[in-house]
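*Asks:* Please see the structure below; I have some questions.
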Amino acid sequence: MRSDTTAPWALLCVVVALIYLFSLGPILITAAVSFNETNRSLFPPRGWSLRWWARAFGPEWTQPLVFSLKLSTLTAVLSTVLALPLAFALHRHRFPGREAMIALALGPLMLPTLVTGVGLLQLFQYAGLREHIGFGALLAGHLVICLPFAVRTVSISLQTLPPNVELAAASLGATRWNTLRHVVFPLIKNGLVAGAVFAFIHSFTDVNLSLFLATPGEQPITVKILAFLEFGFAPTLAAVSVITLVLPLVLVAVVERLSGLGDFIYGERRA
Amino acid sequence: MNDHARTATPWLLIAVPAAVLLVFFVLPNALLLSASFLKTEAQQLTNQPTLDNYKFLLTRPLYLEVMLRTLVVGLCVGALDVLLGFPLAYFLVRTKSRWKGLLIALSLAPLLASVIVRTYGWYIILNRFGVVNDALLGLGVMAERIAFMPSTGAIVVGLAHALLPYAVLTIMGSLGGINPNLEKAAMSLGANRTRTFLSVVLPLSIPGVVGGFILVFSIAISAYATPAILGGPATQVAATAIYNFMINLLDWSAGAALAVILIVSSLLLLYAAARMGAKRAAL
C-alpha cells in the first residue's frame with residue numbers, strides 16, 4: 001500500500017505547495033523587483049532594467065559586502081580553531097567543571113544575541129574603547145555567537161570517530177602528534193569544514209549583534225541595508241539582498257559537493 | 001581514559017576558548033545585569049543601586065504594552081509556524097519523491113538569507129503600493145489603498161515567514177523518529193487514517209511540536225530587524241524598545257532592565273523546553 005496515492009496525501013501535497021509558496025514567494029518577489037525600470041519597489045516589475053544591479057555593484061555596496069565577507073571568514077576560521085580543542089576536551093576528558101564548560105560553550109545560543117550585543121557595547125564603553133568599536137568589537141561578538149555552532153558540529157564529528165583508531169595508530173608506533181595529524185584530523189575534517197560553514201553563515205546573516213557594534217565606516221552588509229531602509233526601499237536594495245542570499249547559497253552548494261554538510265544539519269539546527 | 005583525569009591536558013585545551021567566552025560573553029551579560037540595578041542620571045550610568053528601572057518599566061502603560069505586544073507576537077508566530085511547519089515536516093519525512101533532497105533543501109534555504117532579505121519581500125507585498133493592495137483593488141474588493149504596514153499583524157507574518165525553517169527542522173526531527181510501521185500496525189488493526197494520525201502520529205510528535213513552538217517563540221521575542229522594518233514607532237516590541245533606550249535615549253539602566261526581562265523570559269522557556277525533552281543533549 002503506497003501512501004502517496006491516496007486522497008489525504010494529495011490534499012497534503014496541495015497544502016505543502018501553498019506553504020512553499022509562502023516560504024519562497026517573498027524571496028522570489030524580491031529578486032524580481034530588482035529588475036524594475038522605475039525607482040520604486042514594484043511587483044510585478046514595471047519595465048526591465050539592470051541599472052539597480054549596476055548600482056548594487058558600486059562601491060557604496062561592495063565596501064560593506066567585502067567587510068562582511070572578511071568578518072565572517074575570519075569569524076569562521078577563528079571559531080573553528082577555538083572549537084576544536086574545546087570539543088576535544090569535552091569529548092575526551094572528564095574534568096571538574098565540565099558541565100559548566102558545556103553550558104558556557106552553548107550559552108550564546110540560549111541568550112538573545114541582541115542582549116550580548118548591548119552588553120559588549122557597554123563593555124567597550126567601560127574599557128574606554130567606545131570610540132574604537134568596529135571591526136575588532138564585531139569580531140569578538142561574532143566569535144562568541146558563532147562558537148556554539150562550531151562546537152556542536154565538531155563534537156558530532158568527534159562522536160562518529162571510531163574509538164580504536166588512535167590506539168591502533170599508537171600500537172603501530174605513531175607518536176601522539178602523528179596520530180592526530182594523520183589519523184584523527186582526516187577523519188574529522190568534514191566536521192571542521194561544516195562547523196566553519198555554519199559559523200560563516202550565522203555571522204554573515206547576523207543583524208542583532210552587529211547593530212550595536214558597527215560604525216558608519218565599518219559595518220557589515222546587513223547593518224548597511226537596515227540603515228538604508230530608513231530612506232526607503234529602492235530596487236537597489238532588492239539587488240543587494242539577492243547578492244547576500246546567493247553568496248551563502250553558493251558556499252553551501254560548493255562545500256556540499258566537496259565534503260558534504262547534510263549529516264551535520266540535524267545535529268546542528270535541532271535546538 | 002582514567003589516566004587523563006588527573007592531568008592538566010583538558011585545562012590547557014579549554015583555556016583559550018573559555019577565556020574568550022568569559023571576556024566577551026559572560027562579562028558583557030554580567031555588566032548588563034548590574035546596569036539594570038543602577039541609576040542613570042543625565043544619560044550617564046551612576047553607581048547608585050536602585051529597583052526603579054524595573055518599577056519604571058512595569059508601571060508605564062507604554063512599556064507594558066510593548067511587553068504585551070512582544071508576548072502576543074511570540075505566541076502568534078510560534079502557533080503559526082507550528083501549524084505551517086507540521087504539514088511540511090510530515091510531507092518531507094514521509095514523501096517517496098525522488099526530489100526529496102531538493103525539497104528539504106528548498107524548505108531550509110531561507111535560513112541562508114539574512115532576516116533582512118526575508119523581510120524585504122514582505123515590505124514589497126504589504127506596503128500601500130504593494131502587491132496585496134494592487135490585487136485587492138484589481139478585484140474590486142477595496143475602494144482605496146490601505147497600509148497593511150506598519151502594524152503588529154505585518155510583524156507577525158514577517159517573523160512567521162522568517163522563522164518557519166526552525167519549526168520545520170524541529171518537527172522533522174521528532175517525526176523522523178517515529179517508526180512508519182506503527183502507522184501500518186494501527187491501520188491493520190482497523191483504525192482509519194484520521195484516527196491513526198490523531199492517536200498515533202500526533203501524540204508521538206508532541207515533543208517536536210512543543211520544541212519547535214518554544215524555539216520559534218524565543219527567537220521571535222528577541223528579533224529586531226523584522227519589527228523594525230514592518231513595524232513603526234506605534235508598534236514597538238522589546239527588541240526595538242531596547243535599541244531605542246540604548247542608542248537614542250541613552251538610558252542604559254532602563255534598556256538593561258528590559259533586556260534582563262527578555263533574557264529571563266526566554267531562559268524560562270528554554271528550561272521548560274528542556275524539561276519536556278524537546279531539547280536533545282548536544283554534547
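Please note that chains go A, B, ... in the order of the C-alpha cells, that every chain numbers its residues from 1, and that ligands are numbered from 1 in the order shown.
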Name the residues in contact with Pro110 of chain B at a cut-off of 8 Å, using only C-alpha atoms, excluding same-chain residues fewer than 4 positions from it; report them as a ChimeraX atom specification.

*Replies:* /A:23-24 /B:106,118,162,165

*Asks:* Write to file, as an mmCIF file, in the first residue's frame, the residues of the selection just made, with C-alpha atoms.

*Replies:*
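Saved as selection.cif:
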data_model
loop_
_atom_site.group_PDB
_atom_site.id
_atom_site.type_symbol
_atom_site.label_atom_id
_atom_site.label_comp_id
_atom_site.auth_asym_id
_atom_site.auth_seq_id
_atom_site.Cartn_x
_atom_site.Cartn_y
_atom_site.Cartn_z
ATOM 1 C CA SER A 23 8.126 30.415 2.149
ATOM 2 C CA LEU A 24 9.804 31.129 -1.182
ATOM 3 C CA LEU B 106 14.285 24.334 -0.532
ATOM 4 C CA ARG B 118 13.459 37.660 4.109
ATOM 5 C CA ALA B 162 11.485 34.167 8.645
ATOM 6 C CA PRO B 165 12.540 26.618 8.879
#

*Asks:* Please report, as JSON lines, each residue of chain A lying at most 6 Å from chain B, together with the nearest pair of atoms and the separation in Å rounded to one decimal; use only C-alpha atoms, and order rows by chain and ascending residue number.

*Replies:*
{"residue": "A:Val16", "atom": "CA", "partner": "B:Leu88", "partner_atom": "CA", "distance": 5.5}
{"residue": "A:Pro26", "atom": "CA", "partner": "B:Gly121", "partner_atom": "CA", "distance": 4.3}
{"residue": "A:Ile27", "atom": "CA", "partner": "B:Gly121", "partner_atom": "CA", "distance": 5.8}
{"residue": "A:Thr30", "atom": "CA", "partner": "B:Gly121", "partner_atom": "CA", "distance": 5.1}
{"residue": "A:Leu82", "atom": "CA", "partner": "B:Pro17", "partner_atom": "CA", "distance": 5.4}
{"residue": "A:Pro85", "atom": "CA", "partner": "B:Leu13", "partner_atom": "CA", "distance": 5.0}
{"residue": "A:Leu86", "atom": "CA", "partner": "B:Ile14", "partner_atom": "CA", "distance": 5.1}
{"residue": "A:Ala89", "atom": "CA", "partner": "B:Pro10", "partner_atom": "CA", "distance": 5.1}
{"residue": "A:Pro112", "atom": "CA", "partner": "B:Ser222", "partner_atom": "CA", "distance": 6.0}
{"residue": "A:Gly119", "atom": "CA", "partner": "B:Pro28", "partner_atom": "CA", "distance": 4.2}
{"residue": "A:Leu120", "atom": "CA", "partner": "B:Pro28", "partner_atom": "CA", "distance": 5.1}
{"residue": "A:Leu123", "atom": "CA", "partner": "B:Pro28", "partner_atom": "CA", "distance": 5.7}
{"residue": "A:Thr205", "atom": "CA", "partner": "B:Ser114", "partner_atom": "CA", "distance": 4.3}
{"residue": "A:Ser241", "atom": "CA", "partner": "B:Val117", "partner_atom": "CA", "distance": 5.3}
{"residue": "A:Leu245", "atom": "CA", "partner": "B:Ala113", "partner_atom": "CA", "distance": 4.8}
{"residue": "A:Arg270", "atom": "CA", "partner": "B:Thr170", "partner_atom": "CA", "distance": 5.5}
{"residue": "A:Ala271", "atom": "CA", "partner": "B:Lys279", "partner_atom": "CA", "distance": 6.0}

*Asks:* What is the atom CA of Thr113 of chain A-atom CA of Lys39 of chain B distance in Å, reported with one decimal?

*Replies:*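 Atom CA of Thr113 of chain A sits 24.3 Å away from atom CA of Lys39 of chain B.
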
*Asks:* Give the strand (DSSP E or B) residues of segment 46-151 of chain B, as assigned by DSSP on the backbone, as a ChimeraX atom specification.

*Replies:* /B:46-49

*Asks:* Please provide the set of residues having any atom within 10 Å of Leu136 of chain B, restricted to only C-alpha atoms, with same-chain residues fewer than 6 positions apart removed, written as JSON, numbers by chain.

*Replies:* {"B": [142, 143, 144, 145, 146]}

*Asks:* Would you save the residues from that selection as a PDB file, in the first residue's frame, using C-alpha atoms?

*Replies:*
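To be explicit, this is the file written out as selection_2.pdb:
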ATOM      1  CA  MET B 142     -11.442  47.627  -1.765  1.00  0.00           C
ATOM      2  CA  ALA B 143     -12.190  51.132  -2.989  1.00  0.00           C
ATOM      3  CA  GLU B 144      -8.910  52.737  -1.918  1.00  0.00           C
ATOM      4  CA  ARG B 145      -5.411  51.769  -0.846  1.00  0.00           C
ATOM      5  CA  ILE B 146      -4.831  50.577   2.718  1.00  0.00           C
TER       6      ILE B 146
END

*Asks:* Just to confirm, what's the straight-line distance from atom CA of Gly176 of chain B to atom CA of Ile156 of chain A in Å (one decimal)?

*Replies:* 18.8 Å

*Asks:* One decimal, Å: what's the distance from atom CA of Thr6 of chain A over to atom CA of Ala79 of chain B, could you say?

*Replies:*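 Computed distance, atom CA of Thr6 of chain A to atom CA of Ala79 of chain B, equals 28.1 Å.
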
*Asks:* Write out as a ChimeraX atom specification the set of residues from segment 103-281 of chain B that DSSP, computed on the backbone, places in alpha helix (DSSP H).

*Replies:* /B:103-108,115-126,131-139,152-176,180-188,193-196,202-220,225-230,238-243,252-275
